[in-house]
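Engineer: Sharing start.cif here; it has mmCIF, C-alpha atoms, pLDDT in the B column; chains and numbers go by the auth columns.
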data_run
#
loop_
_atom_site.group_PDB
_atom_site.id
_atom_site.type_symbol
_atom_site.label_atom_id
_atom_site.label_comp_id
_atom_site.label_asym_id
_atom_site.label_seq_id
_atom_site.Cartn_x
_atom_site.Cartn_y
_atom_site.Cartn_z
_atom_site.B_iso_or_equiv
_atom_site.auth_seq_id
_atom_site.auth_asym_id
ATOM 1 C CA MET A 1 33.523 -0.297 -12.776 93.00 1 A
ATOM 2 C CA LYS A 2 30.561 -2.454 -13.638 97.00 2 A
ATOM 3 C CA PHE A 3 27.443 -2.445 -11.474 97.00 3 A
ATOM 4 C CA LEU A 4 24.306 -4.558 -11.142 98.00 4 A
ATOM 5 C CA VAL A 5 21.392 -2.396 -9.990 98.00 5 A
ATOM 6 C CA ILE A 6 18.348 -4.340 -8.783 98.00 6 A
ATOM 7 C CA VAL A 7 14.899 -2.729 -8.837 97.00 7 A
ATOM 8 C CA GLU A 8 11.516 -4.253 -7.948 96.00 8 A
ATOM 9 C CA SER A 9 9.591 -3.848 -11.187 94.00 9 A
ATOM 10 C CA PRO A 10 10.871 -4.571 -14.698 95.00 10 A
ATOM 11 C CA ALA A 11 8.617 -1.890 -16.198 93.00 11 A
ATOM 12 C CA LYS A 12 11.189 0.927 -16.274 90.00 12 A
ATOM 13 C CA LYS A 13 14.467 -0.918 -15.853 94.00 13 A
ATOM 14 C CA ASN A 14 15.581 -0.100 -19.415 95.00 14 A
ATOM 15 C CA LYS A 15 15.042 3.631 -18.905 96.00 15 A
ATOM 16 C CA ILE A 16 16.873 3.551 -15.557 97.00 16 A
ATOM 17 C CA GLU A 17 19.726 1.649 -17.170 97.00 17 A
ATOM 18 C CA SER A 18 19.997 4.183 -19.996 96.00 18 A
ATOM 19 C CA PHE A 19 20.207 7.080 -17.515 97.00 19 A
ATOM 20 C CA LEU A 20 22.865 5.369 -15.392 97.00 20 A
ATOM 21 C CA ASN A 21 24.978 4.492 -18.403 96.00 21 A
ATOM 22 C CA THR A 22 25.467 8.185 -19.153 96.00 22 A
ATOM 23 C CA ILE A 23 27.855 8.256 -16.148 96.00 23 A
ATOM 24 C CA LYS A 24 31.367 8.202 -17.549 93.00 24 A
ATOM 25 C CA GLU A 25 33.697 5.298 -16.863 93.00 25 A
ATOM 26 C CA HIS A 26 30.874 3.231 -15.388 96.00 26 A
ATOM 27 C CA LYS A 27 28.853 0.373 -16.834 97.00 27 A
ATOM 28 C CA PHE A 28 25.437 -0.591 -15.459 97.00 28 A
ATOM 29 C CA ILE A 29 23.117 -3.558 -15.764 97.00 29 A
ATOM 30 C CA VAL A 30 19.641 -2.997 -14.319 97.00 30 A
ATOM 31 C CA ASP A 31 17.432 -5.989 -13.567 98.00 31 A
ATOM 32 C CA ALA A 32 14.336 -6.656 -11.471 97.00 32 A
ATOM 33 C CA SER A 33 13.438 -8.889 -8.532 97.00 33 A
ATOM 34 C CA TYR A 34 9.749 -8.846 -9.542 97.00 34 A
ATOM 35 C CA GLY A 35 8.774 -8.046 -5.958 96.00 35 A
ATOM 36 C CA HIS A 36 9.599 -10.278 -2.991 97.00 36 A
ATOM 37 C CA ILE A 37 11.910 -13.200 -3.686 98.00 37 A
ATOM 38 C CA CYS A 38 11.524 -14.866 -0.257 97.00 38 A
ATOM 39 C CA GLU A 39 8.686 -16.085 1.939 97.00 39 A
ATOM 40 C CA PHE A 40 8.324 -17.811 5.304 96.00 40 A
ATOM 41 C CA SER A 41 9.726 -21.300 4.946 96.00 41 A
ATOM 42 C CA ASN A 42 7.000 -23.364 6.628 94.00 42 A
ATOM 43 C CA GLY A 43 3.948 -21.514 7.916 89.00 43 A
ATOM 44 C CA LEU A 44 3.756 -21.180 11.685 90.00 44 A
ATOM 45 C CA LYS A 45 6.821 -23.390 12.062 93.00 45 A
ATOM 46 C CA SER A 46 8.800 -20.588 10.411 94.00 46 A
ATOM 47 C CA ILE A 47 8.523 -18.531 13.608 95.00 47 A
ATOM 48 C CA ASP A 48 10.463 -19.668 16.675 95.00 48 A
ATOM 49 C CA ILE A 49 8.426 -18.085 19.467 91.00 49 A
ATOM 50 C CA ASN A 50 10.913 -19.447 22.019 94.00 50 A
ATOM 51 C CA ASP A 51 13.840 -17.644 20.390 95.00 51 A
ATOM 52 C CA ASN A 52 12.676 -14.022 20.205 93.00 52 A
ATOM 53 C CA PHE A 53 10.300 -14.840 17.307 94.00 53 A
ATOM 54 C CA LYS A 54 13.197 -15.655 14.988 95.00 54 A
ATOM 55 C CA ALA A 55 11.932 -16.188 11.451 96.00 55 A
ATOM 56 C CA SER A 56 13.191 -18.573 8.774 97.00 56 A
ATOM 57 C CA TYR A 57 12.724 -17.920 5.049 97.00 57 A
ATOM 58 C CA LYS A 58 13.028 -19.703 1.742 97.00 58 A
ATOM 59 C CA ILE A 59 13.171 -18.576 -1.876 97.00 59 A
ATOM 60 C CA SER A 60 9.666 -18.590 -3.329 97.00 60 A
ATOM 61 C CA ASP A 61 9.139 -21.277 -5.939 97.00 61 A
ATOM 62 C CA SER A 62 7.934 -18.670 -8.434 96.00 62 A
ATOM 63 C CA LYS A 63 11.156 -16.650 -7.983 97.00 63 A
ATOM 64 C CA LYS A 64 13.789 -19.384 -8.314 97.00 64 A
ATOM 65 C CA GLN A 65 14.437 -18.512 -11.950 97.00 65 A
ATOM 66 C CA VAL A 66 14.644 -14.803 -11.096 97.00 66 A
ATOM 67 C CA VAL A 67 17.197 -15.531 -8.356 98.00 67 A
ATOM 68 C CA SER A 68 19.169 -17.813 -10.656 97.00 68 A
ATOM 69 C CA ASN A 69 19.361 -15.045 -13.246 97.00 69 A
ATOM 70 C CA LEU A 70 20.477 -12.457 -10.677 97.00 70 A
ATOM 71 C CA LEU A 71 23.130 -14.808 -9.291 97.00 71 A
ATOM 72 C CA SER A 72 24.458 -15.300 -12.812 97.00 72 A
ATOM 73 C CA LEU A 73 24.653 -11.520 -13.350 97.00 73 A
ATOM 74 C CA THR A 74 26.605 -10.998 -10.116 96.00 74 A
ATOM 75 C CA LYS A 75 29.501 -12.956 -11.606 95.00 75 A
ATOM 76 C CA SER A 76 30.026 -10.359 -14.329 94.00 76 A
ATOM 77 C CA VAL A 77 29.924 -7.186 -12.199 96.00 77 A
ATOM 78 C CA ASP A 78 32.134 -5.526 -9.612 96.00 78 A
ATOM 79 C CA GLU A 79 29.392 -4.289 -7.313 97.00 79 A
ATOM 80 C CA ILE A 80 25.697 -4.760 -6.547 98.00 80 A
ATOM 81 C CA ILE A 81 23.355 -1.874 -5.762 98.00 81 A
ATOM 82 C CA ILE A 82 19.871 -2.268 -4.255 98.00 82 A
ATOM 83 C CA ALA A 83 17.292 0.132 -5.710 97.00 83 A
ATOM 84 C CA THR A 84 13.989 -1.253 -4.434 97.00 84 A
ATOM 85 C CA ASP A 85 11.098 1.026 -3.414 95.00 85 A
ATOM 86 C CA LEU A 86 11.491 3.369 -0.464 92.00 86 A
ATOM 87 C CA ASP A 87 9.118 1.675 1.979 95.00 87 A
ATOM 88 C CA ARG A 88 9.142 -1.239 4.417 95.00 88 A
ATOM 89 C CA GLU A 89 8.372 -3.796 1.728 96.00 89 A
ATOM 90 C CA GLY A 90 11.149 -2.434 -0.452 97.00 90 A
ATOM 91 C CA GLU A 91 13.584 -2.651 2.436 97.00 91 A
ATOM 92 C CA ALA A 92 12.579 -6.272 3.095 98.00 92 A
ATOM 93 C CA ILE A 93 13.022 -7.145 -0.573 98.00 93 A
ATOM 94 C CA GLY A 94 16.452 -5.501 -0.465 98.00 94 A
ATOM 95 C CA TYR A 95 17.396 -7.435 2.666 98.00 95 A
ATOM 96 C CA HIS A 96 16.536 -10.799 1.124 98.00 96 A
ATOM 97 C CA LEU A 97 18.286 -9.887 -2.122 98.00 97 A
ATOM 98 C CA ILE A 98 21.491 -9.045 -0.244 98.00 98 A
ATOM 99 C CA LYS A 99 21.332 -12.258 1.787 97.00 99 A
ATOM 100 C CA THR A 100 20.428 -14.478 -1.164 97.00 100 A
ATOM 101 C CA LEU A 101 23.116 -12.989 -3.396 97.00 101 A
ATOM 102 C CA LYS A 102 25.635 -13.436 -0.559 96.00 102 A
ATOM 103 C CA GLN A 103 26.472 -9.752 -0.157 97.00 103 A
ATOM 104 C CA ASN A 104 27.347 -7.763 2.955 97.00 104 A
ATOM 105 C CA ILE A 105 24.332 -6.152 4.686 96.00 105 A
ATOM 106 C CA ASN A 106 26.497 -3.411 6.193 96.00 106 A
ATOM 107 C CA SER A 107 28.282 -2.342 3.032 96.00 107 A
ATOM 108 C CA THR A 108 26.008 -3.103 0.058 97.00 108 A
ATOM 109 C CA LYS A 109 24.887 0.200 -1.442 97.00 109 A
ATOM 110 C CA ARG A 110 21.233 1.199 -1.320 98.00 110 A
ATOM 111 C CA ILE A 111 19.854 3.941 -3.567 97.00 111 A
ATOM 112 C CA VAL A 112 16.359 5.462 -3.693 95.00 112 A
ATOM 113 C CA PHE A 113 14.559 7.786 -6.084 94.00 113 A
ATOM 114 C CA ASN A 114 10.999 9.076 -6.313 91.00 114 A
ATOM 115 C CA GLU A 115 10.936 9.821 -10.027 93.00 115 A
ATOM 116 C CA ILE A 116 12.328 8.200 -13.150 94.00 116 A
ATOM 117 C CA THR A 117 14.341 11.129 -14.477 96.00 117 A
ATOM 118 C CA LYS A 118 17.986 11.340 -15.415 96.00 118 A
ATOM 119 C CA SER A 119 18.783 13.890 -12.715 96.00 119 A
ATOM 120 C CA ALA A 120 17.032 11.906 -9.955 96.00 120 A
ATOM 121 C CA ILE A 121 18.638 8.602 -10.944 96.00 121 A
ATOM 122 C CA ILE A 122 22.164 10.005 -11.178 96.00 122 A
ATOM 123 C CA LYS A 123 21.727 11.956 -7.924 96.00 123 A
ATOM 124 C CA SER A 124 20.682 8.755 -6.140 96.00 124 A
ATOM 125 C CA PHE A 125 23.735 6.912 -7.460 97.00 125 A
ATOM 126 C CA ASN A 126 26.013 9.695 -6.226 96.00 126 A
ATOM 127 C CA ASN A 127 24.387 9.659 -2.760 97.00 127 A
ATOM 128 C CA PRO A 128 24.050 5.999 -1.759 97.00 128 A
ATOM 129 C CA SER A 129 23.229 4.727 1.710 97.00 129 A
ATOM 130 C CA THR A 130 22.942 1.236 3.170 97.00 130 A
ATOM 131 C CA LEU A 131 19.931 -0.858 4.097 97.00 131 A
ATOM 132 C CA ASN A 132 17.713 0.596 6.839 97.00 132 A
ATOM 133 C CA MET A 133 17.478 -2.366 9.189 96.00 133 A
ATOM 134 C CA ASN A 134 14.803 -0.746 11.363 97.00 134 A
ATOM 135 C CA MET A 135 12.490 -0.593 8.345 96.00 135 A
ATOM 136 C CA PHE A 136 13.237 -4.235 7.583 97.00 136 A
ATOM 137 C CA TYR A 137 12.533 -5.281 11.189 96.00 137 A
ATOM 138 C CA SER A 138 9.286 -3.302 11.065 95.00 138 A
ATOM 139 C CA GLN A 139 8.155 -5.170 7.950 96.00 139 A
ATOM 140 C CA GLN A 140 9.214 -8.492 9.442 96.00 140 A
ATOM 141 C CA ALA A 141 7.347 -7.857 12.702 94.00 141 A
ATOM 142 C CA ARG A 142 4.237 -6.932 10.742 91.00 142 A
ATOM 143 C CA SER A 143 4.455 -10.117 8.665 93.00 143 A
ATOM 144 C CA ILE A 144 5.023 -12.283 11.750 93.00 144 A
ATOM 145 C CA LEU A 145 1.988 -10.767 13.489 89.00 145 A
ATOM 146 C CA ASP A 146 -0.134 -11.425 10.398 87.00 146 A
ATOM 147 C CA LEU A 147 1.024 -15.029 10.366 89.00 147 A
ATOM 148 C CA LEU A 148 0.568 -15.746 14.077 88.00 148 A
ATOM 149 C CA ILE A 149 -2.841 -14.071 14.273 84.00 149 A
ATOM 150 C CA GLY A 150 -4.098 -15.169 10.877 82.00 150 A
ATOM 151 C CA TYR A 151 -3.400 -18.870 11.363 82.00 151 A
ATOM 152 C CA ASN A 152 -5.487 -18.850 14.524 81.00 152 A
ATOM 153 C CA VAL A 153 -8.343 -16.533 13.557 83.00 153 A
ATOM 154 C CA SER A 154 -8.866 -17.225 9.840 84.00 154 A
ATOM 155 C CA PRO A 155 -10.087 -20.847 10.296 87.00 155 A
ATOM 156 C CA LEU A 156 -12.679 -19.558 12.773 84.00 156 A
ATOM 157 C CA LEU A 157 -13.986 -17.139 10.147 83.00 157 A
ATOM 158 C CA TRP A 158 -14.212 -19.976 7.614 89.00 158 A
ATOM 159 C CA THR A 159 -16.493 -21.999 9.898 90.00 159 A
ATOM 160 C CA LYS A 160 -18.592 -19.125 11.268 86.00 160 A
ATOM 161 C CA VAL A 161 -18.789 -16.612 8.426 86.00 161 A
ATOM 162 C CA ARG A 162 -17.538 -17.619 4.981 88.00 162 A
ATOM 163 C CA GLU A 163 -14.725 -19.609 3.378 88.00 163 A
ATOM 164 C CA LYS A 164 -11.466 -17.971 2.271 83.00 164 A
ATOM 165 C CA LEU A 165 -11.784 -14.989 4.591 82.00 165 A
ATOM 166 C CA SER A 166 -8.494 -13.833 6.065 79.00 166 A
ATOM 167 C CA ALA A 167 -7.640 -12.292 9.404 80.00 167 A
ATOM 168 C CA GLY A 168 -4.474 -10.577 10.483 76.00 168 A
ATOM 169 C CA ARG A 169 -2.976 -7.767 12.518 75.00 169 A
ATOM 170 C CA CYS A 170 -5.432 -5.171 11.094 78.00 170 A
ATOM 171 C CA GLN A 171 -8.633 -7.117 10.538 76.00 171 A
ATOM 172 C CA SER A 172 -8.639 -8.822 13.949 78.00 172 A
ATOM 173 C CA PRO A 173 -8.429 -5.694 16.168 83.00 173 A
ATOM 174 C CA ALA A 174 -10.936 -3.966 13.879 83.00 174 A
ATOM 175 C CA LEU A 175 -13.337 -6.901 14.244 81.00 175 A
ATOM 176 C CA ARG A 176 -12.874 -6.765 18.024 87.00 176 A
ATOM 177 C CA LEU A 177 -13.763 -3.053 18.091 90.00 177 A
ATOM 178 C CA VAL A 178 -16.858 -3.632 15.971 92.00 178 A
ATOM 179 C CA TYR A 179 -17.902 -6.565 18.181 91.00 179 A
ATOM 180 C CA GLU A 180 -17.446 -4.647 21.441 94.00 180 A
ATOM 181 C CA ARG A 181 -19.397 -1.679 20.104 95.00 181 A
ATOM 182 C CA GLU A 182 -22.218 -3.980 18.976 95.00 182 A
ATOM 183 C CA MET A 183 -22.308 -5.577 22.436 95.00 183 A
ATOM 184 C CA ASP A 184 -22.548 -2.133 24.041 94.00 184 A
ATOM 185 C CA ILE A 185 -25.472 -1.281 21.753 94.00 185 A
ATOM 186 C CA THR A 186 -27.226 -4.589 22.486 93.00 186 A
ATOM 187 C CA LYS A 187 -26.807 -4.317 26.261 93.00 187 A
ATOM 188 C CA PHE A 188 -27.799 -0.680 26.471 91.00 188 A
ATOM 189 C CA LYS A 189 -30.944 0.010 28.488 88.00 189 A
ATOM 190 C CA PRO A 190 -32.384 3.510 28.113 86.00 190 A
ATOM 191 C CA GLU A 191 -33.066 5.336 31.363 83.00 191 A
ATOM 192 C CA ASN A 192 -34.907 8.593 31.906 84.00 192 A
ATOM 193 C CA SER A 193 -33.184 11.417 33.679 85.00 193 A
ATOM 194 C CA TYR A 194 -34.213 14.971 34.456 87.00 194 A
ATOM 195 C CA HIS A 195 -32.623 18.368 34.799 87.00 195 A
ATOM 196 C CA LEU A 196 -34.120 21.089 36.924 87.00 196 A
ATOM 197 C CA THR A 197 -33.831 24.609 35.563 90.00 197 A
ATOM 198 C CA SER A 198 -35.416 27.884 36.593 91.00 198 A
ATOM 199 C CA ILE A 199 -35.577 31.553 35.744 93.00 199 A
ATOM 200 C CA PHE A 200 -35.495 34.120 38.523 91.00 200 A
ATOM 201 C CA ASP A 201 -36.731 37.637 37.970 89.00 201 A
ATOM 202 C CA ILE A 202 -34.448 39.895 39.984 88.00 202 A
ATOM 203 C CA LYS A 203 -35.032 43.585 40.515 84.00 203 A
ATOM 204 C CA ILE A 204 -31.787 45.524 40.263 83.00 204 A
ATOM 205 C CA ASP A 205 -31.839 49.310 40.343 82.00 205 A
ATOM 206 C CA ASN A 206 -35.520 49.379 39.405 81.00 206 A
ATOM 207 C CA ASN A 207 -34.831 47.053 36.468 85.00 207 A
ATOM 208 C CA ILE A 208 -36.084 43.483 36.234 86.00 208 A
ATOM 209 C CA GLU A 209 -33.396 41.072 35.023 88.00 209 A
ATOM 210 C CA ASN A 210 -33.792 37.398 34.258 90.00 210 A
ATOM 211 C CA ILE A 211 -31.251 34.996 35.723 90.00 211 A
ATOM 212 C CA ASN A 212 -31.198 31.464 34.321 92.00 212 A
ATOM 213 C CA THR A 213 -30.181 28.744 36.774 92.00 213 A
ATOM 214 C CA LYS A 214 -29.656 24.994 36.663 91.00 214 A
ATOM 215 C CA TYR A 215 -29.615 22.522 39.535 88.00 215 A
ATOM 216 C CA TYR A 216 -26.165 20.929 39.675 85.00 216 A
ATOM 217 C CA LYS A 217 -27.403 17.311 39.949 87.00 217 A
ATOM 218 C CA THR A 218 -29.107 15.044 37.408 86.00 218 A
ATOM 219 C CA LEU A 219 -32.408 13.815 38.853 86.00 219 A
ATOM 220 C CA ASP A 220 -33.609 10.258 38.293 86.00 220 A
ATOM 221 C CA THR A 221 -37.373 10.601 38.909 85.00 221 A
ATOM 222 C CA LYS A 222 -40.103 13.188 38.827 82.00 222 A
ATOM 223 C CA ASP A 223 -40.469 12.756 42.582 86.00 223 A
ATOM 224 C CA ASP A 224 -36.924 14.031 42.946 85.00 224 A
ATOM 225 C CA ILE A 225 -37.895 17.147 41.047 82.00 225 A
ATOM 226 C CA GLU A 226 -40.876 17.827 43.330 84.00 226 A
ATOM 227 C CA SER A 227 -38.749 17.172 46.401 82.00 227 A
#
Starting from the coordinates I provided, produce the structure as structure tokens.

Structural biologist:
Amino acid sequence: MKFLVIVESPAKKNKIESFLNTIKEHKFIVDASYGHICEFSNGLKSIDINDNFKASYKISDSKKQVVSNLLSLTKSVDEIIIATDLDREGEAIGYHLIKTLKQNINSTKRIVFNEITKSAIIKSFNNPSTLNMNMFYSQQARSILDLLIGYNVSPLLWTKVREKLSAGRCQSPALRLVYEREMDITKFKPENSYHLTSIFDIKIDNNIENINTKYYKTLDTKDDIES
């Protein structure tokens, strides 16, 4: 059989290809997606907030040639294997590759490896899985939140702080925490309070022992102490 294995980065595709081609009676072509091939199709309009935040995508202009090349390679192989990085971004890249190359999400093989060695590469080929849709949905939700929040908050930063600043799912809550803490510091008014303590000398069996005591309430004024 002949396989097309798609990785993210072109840096080590030749080495991966050489390892895979040691498997008898199999032929492999390894090529790269050069990262994400898709992006949101039209800014905020890409997210349908009235339909469960359904997102629409398009092929990035900078990746049209990459996609064209991959589509051409699919015509000369029997099977496509996704070998993008093992993280949410890698799963999203794999998802868009499968959809763009018109493959089946439920059956397209997905392999992962943490080192570029012959044993690791061959082991991954012999133990394939399929796309982890929960990881893809996680990445998609994160991207949608960045888009929805960023489009509303970033322009405010440009007018109040500095141009080209960005806001998103991480920066915005962090800014809120910093702001609230600063407001607490600004509004804080120091107040004096007092604690009443004493030492009693108690005679026990002809011995004098010191017993430290503390009044259970915090006192607001010196008059309270005297009282």

Engineer: Show me, as an NGL selection string, the residues that have an atom within 9 Å of Ser107 of chain A when counting only C-alpha atoms, minus same-chain residues fewer than 5 positions from it.

Structural biologist: :A and (129-131)

Engineer: State, in Å with one decimal place, the distance from atom CA of Phe28 of chain A to atom CA of Pro10 of chain A.

Structural biologist: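 Straight-line distance from atom CA of Phe28 of chain A to atom CA of Pro10 of chain A works out to 15.1 Å.
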
Engineer: Please evaluate the PyMOL selection byres ((chain A and resi 40) around 10) against the displayed coordinates and give the resulting residues as a PyMOL selection string.

Structural biologist: chain A and resi 38-39+41-47+55-60+143-144+147

Engineer: Give me, as an MDAnalysis selection string, all polymer residues having an atom no more than 8 Å from Ile121 of chain A, counting all atoms listed in the file and skipping those fewer than 6 positions away in the same chain.

Structural biologist: chainID A and resid 16 19:20 113 115

Engineer: Can you list, as a list of chain:residue names, the residues that the PyMOL selection byres ((chain A and resi 87) around 12) selects here?

Structural biologist: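 Taken on the displayed file, the PyMOL selection byres ((chain A and resi 87) around 12) yields the residues A:Glu8, A:Ala83, A:Thr84, A:Asp85, A:Leu86, A:Arg88, A:Glu89, A:Gly90, A:Glu91, A:Ala92, A:Ile93, A:Gly94, A:Val112, A:Phe113, A:Asn114, A:Leu131, A:Asn132, A:Met133, A:Asn134, A:Met135, A:Phe136, A:Ser138, A:Gln139.
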
Engineer: Go through A:His195, A:Thr22, A:Glu180, A:Val5 and flag the residue nearest Lys118 of chain A, using only C-alpha atoms for the distances.

Structural biologist: A:Thr22

Engineer: Quick one: 6 Å padding each side, axis-aligned, all listed atoms of segment 187-200 of chain A - centre and edge lengths in Å to one decimal, as AutoDock Vina command-line options?

Structural biologist:
--center_x -31.2 --center_y 14.9 --center_z 32.4 --size_x 20.8 --size_y 50.4 --size_z 24.3

Engineer: With all atoms listed in the file as the counted atoms, please give the residues lying no more than 7 Å from segment 65-82 of chain A, apart from itself and same-chain residues fewer than 6 positions off, as an mmCIF file with C-alpha atoms, in the frame of the given file.

Structural biologist:
data_model
loop_
_atom_site.group_PDB
_atom_site.id
_atom_site.type_symbol
_atom_site.label_atom_id
_atom_site.label_comp_id
_atom_site.auth_asym_id
_atom_site.auth_seq_id
_atom_site.Cartn_x
_atom_site.Cartn_y
_atom_site.Cartn_z
ATOM 1 C CA MET A 1 33.523 -0.297 -12.776
ATOM 2 C CA LYS A 2 30.561 -2.454 -13.638
ATOM 3 C CA PHE A 3 27.443 -2.445 -11.474
ATOM 4 C CA LEU A 4 24.306 -4.558 -11.142
ATOM 5 C CA VAL A 5 21.392 -2.396 -9.990
ATOM 6 C CA ILE A 6 18.348 -4.340 -8.783
ATOM 7 C CA VAL A 7 14.899 -2.729 -8.837
ATOM 8 C CA SER A 33 13.438 -8.889 -8.532
ATOM 9 C CA GLY A 94 16.452 -5.501 -0.465
ATOM 10 C CA LEU A 101 23.116 -12.989 -3.396
ATOM 11 C CA THR A 108 26.008 -3.103 0.058
ATOM 12 C CA LYS A 109 24.887 0.200 -1.442
ATOM 13 C CA ARG A 110 21.233 1.199 -1.320
ATOM 14 C CA ILE A 111 19.854 3.941 -3.567
#

Engineer: Any chance you could resolve the PyMOL selection byres ((chain A and resi 208-219) around 12) against this file and give the residues as a list of chain:residue names?

Structural biologist: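 Residues picked by the PyMOL selection byres ((chain A and resi 208-219) around 12): A:Glu191, A:Asn192, A:Ser193, A:Tyr194, A:His195, A:Leu196, A:Thr197, A:Ser198, A:Ile199, A:Phe200, A:Asp201, A:Ile202, A:Lys203, A:Ile204, A:Asp205, A:Asn206, A:Asn207, A:Asp220, A:Thr221, A:Lys222, A:Asp223, A:Asp224, A:Ile225, A:Glu226, A:Ser227.
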
Engineer: Of the residues A:Pro155, A:Pro190, A:Pro128, A:Gly35, which is the one nearest to Ala11 of chain A, using only C-alpha atoms?

Structural biologist: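 Between A:Pro155, A:Pro190, A:Pro128, A:Gly35, the residue approaching Ala11 of chain A most closely is A:Gly35.
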
Engineer: Could you tell me how far atom CA of Val153 of chain A lies from atom CA of Ile185 of chain A, in Å and to one decimal?

Structural biologist: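 Between atom CA of Val153 of chain A and atom CA of Ile185 of chain A the gap works out to 24.4 Å.
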
Engineer: In Å to one decimal, how far is atom CA of Arg142 of chain A from atom CA of Val161 of chain A?

Structural biologist: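 We find that atom CA of Val161 of chain A and atom CA of Arg142 of chain A lie 25.1 Å from each other.
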
Engineer: Of the candidates A:Arg169, A:Arg176, A:Lys15, A:Lys123, which shows the shortest atom-to-atom distance to Val30 of chain A, using all atoms listed in the file?

Structural biologist: A:Lys15

Engineer: For Ile122 of chain A, which of A:Tyr95, A:Asn21, A:Lys13, A:Asn52 is the closest residue, counting all atoms listed in the file?

Structural biologist: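 Closest candidate: A:Asn21.
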
Engineer: Using all atoms listed in the file, which protein or nucleic acid residues come within 10 Å of Tyr151 of chain A? Drop anything in the same chain fewer than 5 positions from it, and give the result as a list in words.

Structural biologist: Gly43, Leu44, Leu145, Asp146, Leu156, Ser166, Ala167 and Gly168 of chain A
